[in-house]
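Undergrad: Below you'll find the structure I mean.
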Amino acid sequence: MKFNPLPEVVYTPESMLRRPVQLGKLMWQDLLASRELAWRLLVRNISAQYRQSFLGIAWAFLPPILMAAGFTLAGEAKVIQVGQTDLPYPAYVMFSMTLWQTFLEALNGPVQAVITAKPMLARVNFPREAIILAKVGEVLFNFAIKLILIVALFLWFRIPVSWTVILAPVALIHLIMLGTFVGTLLSPLGVLYQDVSKALSMITGFWLFITPVIYPVPTEGAFSVLVKLNPVTPLLVTTRELATTGVISDASGFWVVSIVTFVGLLLTWVAFRLAMPYVIERVSS
């Protein structure tokens, strides 16, 4: 009896970047395959988030309310001078702080998600995109809760709404994409080094200072240049303007940052896929 020899399989360290079409197909297939797992992770994360908290969804409202109260009192006492805002100042701070919180959650989410999933990553083979998708869904869910505060603000202060409010979610998605882009870029390093999470806490504190959350966009001086170079500024300001006045002050800046964010997110997705096997190998060893 004659046996046919088994086919010889040779594995080479060839990078998938040499086959971009095949890499793109694999990425798209994994993205589609990760939907069910992402949904299960999202439900689990949200349940754990509010089940283990005494105040529950109140945490979505407290930071912007306390921030607005503090800076309003400081302004009335002439401790700070913030200039003229398009909205009543308490509403301006609360609305802007809500948008900043959403960006911050999108930024920190991927890093925290990958660190939390470290044991699962080392033992189970599954599409890594599910972890990031679950965090993006969590950000959107949390913003939906914050939307209750925003609607209450508009009603309480009788803020007129332009028809452009229907376009505000588009700008908001761009803001979330920017946070997800930076967070996903840092997530492989966040698994290997705890310094990343600590550094993010310090950097975002300074980042808030140069973002027009508690003050309008300055027009003069070196600080004005720093604020305008901040990529969050055009996205956050445009979202706020679309939801209120309908007059866009920096449309070109918004589209430049949006295009850079979209391209950067795609490139970061590729880098994330290529880096994670090496990161998992180091974590497992």
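Chains: A, B, ... in order of the structure tokens. Residues: from 1 per chain. Ligands: from 1, in order shown.
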Can you pull out every residue within 12 Å of Ile173 of chain A, counting only C-alpha atoms, but drop anything in the same chain fewer than 5 positions away, and send it as a PyMOL selection string?
TA: chain A and resi 99+102-103+106+136-137+139-140+143+167-168+178-181+235-236+238-239+258+261-262
Undergrad: I need the chosen residues saved as a PDB file, in the first residue's frame, with N, CA, C and O atoms.
TA:
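The result, written out as result.pdb:
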ATOM      1  N   LEU A  99     -18.857  67.135  26.887  1.00  0.00           N
ATOM      2  CA  LEU A  99     -18.144  66.742  25.668  1.00  0.00           C
ATOM      3  C   LEU A  99     -16.717  66.316  25.985  1.00  0.00           C
ATOM      4  O   LEU A  99     -16.206  65.340  25.419  1.00  0.00           O
ATOM      5  N   THR A 102     -16.646  62.866  27.455  1.00  0.00           N
ATOM      6  CA  THR A 102     -16.848  61.848  26.420  1.00  0.00           C
ATOM      7  C   THR A 102     -15.547  61.584  25.671  1.00  0.00           C
ATOM      8  O   THR A 102     -15.196  60.422  25.408  1.00  0.00           O
ATOM      9  N   PHE A 103     -14.822  62.644  25.330  1.00  0.00           N
ATOM     10  CA  PHE A 103     -13.523  62.466  24.681  1.00  0.00           C
ATOM     11  C   PHE A 103     -12.566  61.707  25.581  1.00  0.00           C
ATOM     12  O   PHE A 103     -11.834  60.811  25.137  1.00  0.00           O
ATOM     13  N   ALA A 106     -13.279  58.047  25.653  1.00  0.00           N
ATOM     14  CA  ALA A 106     -12.831  57.411  24.408  1.00  0.00           C
ATOM     15  C   ALA A 106     -11.318  57.257  24.382  1.00  0.00           C
ATOM     16  O   ALA A 106     -10.789  56.294  23.804  1.00  0.00           O
ATOM     17  N   VAL A 136     -15.953  51.560  22.762  1.00  0.00           N
ATOM     18  CA  VAL A 136     -16.617  52.624  22.006  1.00  0.00           C
ATOM     19  C   VAL A 136     -18.117  52.599  22.278  1.00  0.00           C
ATOM     20  O   VAL A 136     -18.756  53.644  22.468  1.00  0.00           O
ATOM     21  N   GLY A 137     -18.694  51.402  22.319  1.00  0.00           N
ATOM     22  CA  GLY A 137     -20.111  51.283  22.663  1.00  0.00           C
ATOM     23  C   GLY A 137     -20.404  51.799  24.054  1.00  0.00           C
ATOM     24  O   GLY A 137     -21.440  52.439  24.296  1.00  0.00           O
ATOM     25  N   VAL A 139     -18.753  54.175  25.603  1.00  0.00           N
ATOM     26  CA  VAL A 139     -18.679  55.644  25.529  1.00  0.00           C
ATOM     27  C   VAL A 139     -19.994  56.221  25.007  1.00  0.00           C
ATOM     28  O   VAL A 139     -20.518  57.203  25.542  1.00  0.00           O
ATOM     29  N   LEU A 140     -20.527  55.609  23.949  1.00  0.00           N
ATOM     30  CA  LEU A 140     -21.797  56.073  23.378  1.00  0.00           C
ATOM     31  C   LEU A 140     -22.944  55.902  24.371  1.00  0.00           C
ATOM     32  O   LEU A 140     -23.820  56.774  24.477  1.00  0.00           O
ATOM     33  N   PHE A 143     -22.683  58.585  26.982  1.00  0.00           N
ATOM     34  CA  PHE A 143     -23.099  59.894  26.470  1.00  0.00           C
ATOM     35  C   PHE A 143     -24.614  59.976  26.368  1.00  0.00           C
ATOM     36  O   PHE A 143     -25.188  61.050  26.582  1.00  0.00           O
ATOM     37  N   LEU A 167     -26.885  67.821  13.048  1.00  0.00           N
ATOM     38  CA  LEU A 167     -25.535  67.488  12.578  1.00  0.00           C
ATOM     39  C   LEU A 167     -24.543  67.340  13.726  1.00  0.00           C
ATOM     40  O   LEU A 167     -23.422  66.862  13.512  1.00  0.00           O
ATOM     41  N   ALA A 168     -24.935  67.754  14.922  1.00  0.00           N
ATOM     42  CA  ALA A 168     -24.029  67.691  16.067  1.00  0.00           C
ATOM     43  C   ALA A 168     -23.528  66.274  16.352  1.00  0.00           C
ATOM     44  O   ALA A 168     -22.355  66.097  16.702  1.00  0.00           O
ATOM     45  N   LEU A 178     -11.321  60.604  17.561  1.00  0.00           N
ATOM     46  CA  LEU A 178     -10.006  61.131  17.929  1.00  0.00           C
ATOM     47  C   LEU A 178      -9.514  60.491  19.225  1.00  0.00           C
ATOM     48  O   LEU A 178      -8.356  60.067  19.322  1.00  0.00           O
ATOM     49  N   GLY A 179     -10.394  60.411  20.228  1.00  0.00           N
ATOM     50  CA  GLY A 179     -10.008  59.774  21.481  1.00  0.00           C
ATOM     51  C   GLY A 179      -9.681  58.305  21.295  1.00  0.00           C
ATOM     52  O   GLY A 179      -8.688  57.800  21.855  1.00  0.00           O
ATOM     53  N   THR A 180     -10.479  57.596  20.484  1.00  0.00           N
ATOM     54  CA  THR A 180     -10.237  56.181  20.230  1.00  0.00           C
ATOM     55  C   THR A 180      -8.925  55.976  19.483  1.00  0.00           C
ATOM     56  O   THR A 180      -8.187  55.015  19.756  1.00  0.00           O
ATOM     57  N   PHE A 181      -8.634  56.862  18.554  1.00  0.00           N
ATOM     58  CA  PHE A 181      -7.379  56.799  17.797  1.00  0.00           C
ATOM     59  C   PHE A 181      -6.169  56.876  18.734  1.00  0.00           C
ATOM     60  O   PHE A 181      -5.277  56.019  18.703  1.00  0.00           O
ATOM     61  N   LEU A 235     -12.930  70.125  17.122  1.00  0.00           N
ATOM     62  CA  LEU A 235     -13.985  69.106  17.192  1.00  0.00           C
ATOM     63  C   LEU A 235     -14.975  69.420  18.309  1.00  0.00           C
ATOM     64  O   LEU A 235     -16.198  69.349  18.109  1.00  0.00           O
ATOM     65  N   LEU A 236     -14.461  69.778  19.482  1.00  0.00           N
ATOM     66  CA  LEU A 236     -15.342  70.085  20.603  1.00  0.00           C
ATOM     67  C   LEU A 236     -16.139  71.364  20.346  1.00  0.00           C
ATOM     68  O   LEU A 236     -17.350  71.418  20.581  1.00  0.00           O
ATOM     69  N   THR A 238     -16.887  72.780  17.452  1.00  0.00           N
ATOM     70  CA  THR A 238     -17.855  72.586  16.366  1.00  0.00           C
ATOM     71  C   THR A 238     -19.075  71.815  16.851  1.00  0.00           C
ATOM     72  O   THR A 238     -20.215  72.141  16.473  1.00  0.00           O
ATOM     73  N   THR A 239     -18.861  70.794  17.678  1.00  0.00           N
ATOM     74  CA  THR A 239     -19.996  70.052  18.244  1.00  0.00           C
ATOM     75  C   THR A 239     -20.885  70.987  19.057  1.00  0.00           C
ATOM     76  O   THR A 239     -22.117  70.950  18.939  1.00  0.00           O
ATOM     77  N   SER A 258     -10.434  66.080  11.432  1.00  0.00           N
ATOM     78  CA  SER A 258     -11.259  64.899  11.173  1.00  0.00           C
ATOM     79  C   SER A 258     -10.595  63.956  10.181  1.00  0.00           C
ATOM     80  O   SER A 258     -10.581  62.731  10.382  1.00  0.00           O
ATOM     81  N   THR A 261      -7.639  62.335  11.800  1.00  0.00           N
ATOM     82  CA  THR A 261      -8.122  61.346  12.753  1.00  0.00           C
ATOM     83  C   THR A 261      -8.546  60.064  12.053  1.00  0.00           C
ATOM     84  O   THR A 261      -8.203  58.952  12.492  1.00  0.00           O
ATOM     85  N   PHE A 262      -9.278  60.196  10.947  1.00  0.00           N
ATOM     86  CA  PHE A 262      -9.753  59.018  10.222  1.00  0.00           C
ATOM     87  C   PHE A 262      -8.586  58.209   9.672  1.00  0.00           C
ATOM     88  O   PHE A 262      -8.534  56.981   9.845  1.00  0.00           O
TER      89      PHE A 262
END
Undergrad: Using only C-alpha atoms, which of A:Arg273, A:Arg40, A:Lys146, A:Lys198 sits nearest Pro63 of chain A?
TA: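 For Pro63 of chain A, the nearest of the candidates is A:Lys146.
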Undergrad: Would you kindly return, as a PyMOL selection string, each protein, DNA or RNA residue with an atom no farther than 12 Å from any atom of Asn108 of chain A, considering only C-alpha atoms and excluding same-chain residues fewer than 3 positions away?
TA: chain A and resi 101-105+111-115+132+135-136+138-139+176+178-187+190+196-201+203-204
Undergrad: For a quick check of understanding, using only C-alpha atoms, which of A:Ser249, A:Pro212, A:Glu220, A:Ile166 has the smallest distance to Phe95 of chain A?
TA: A:Pro212
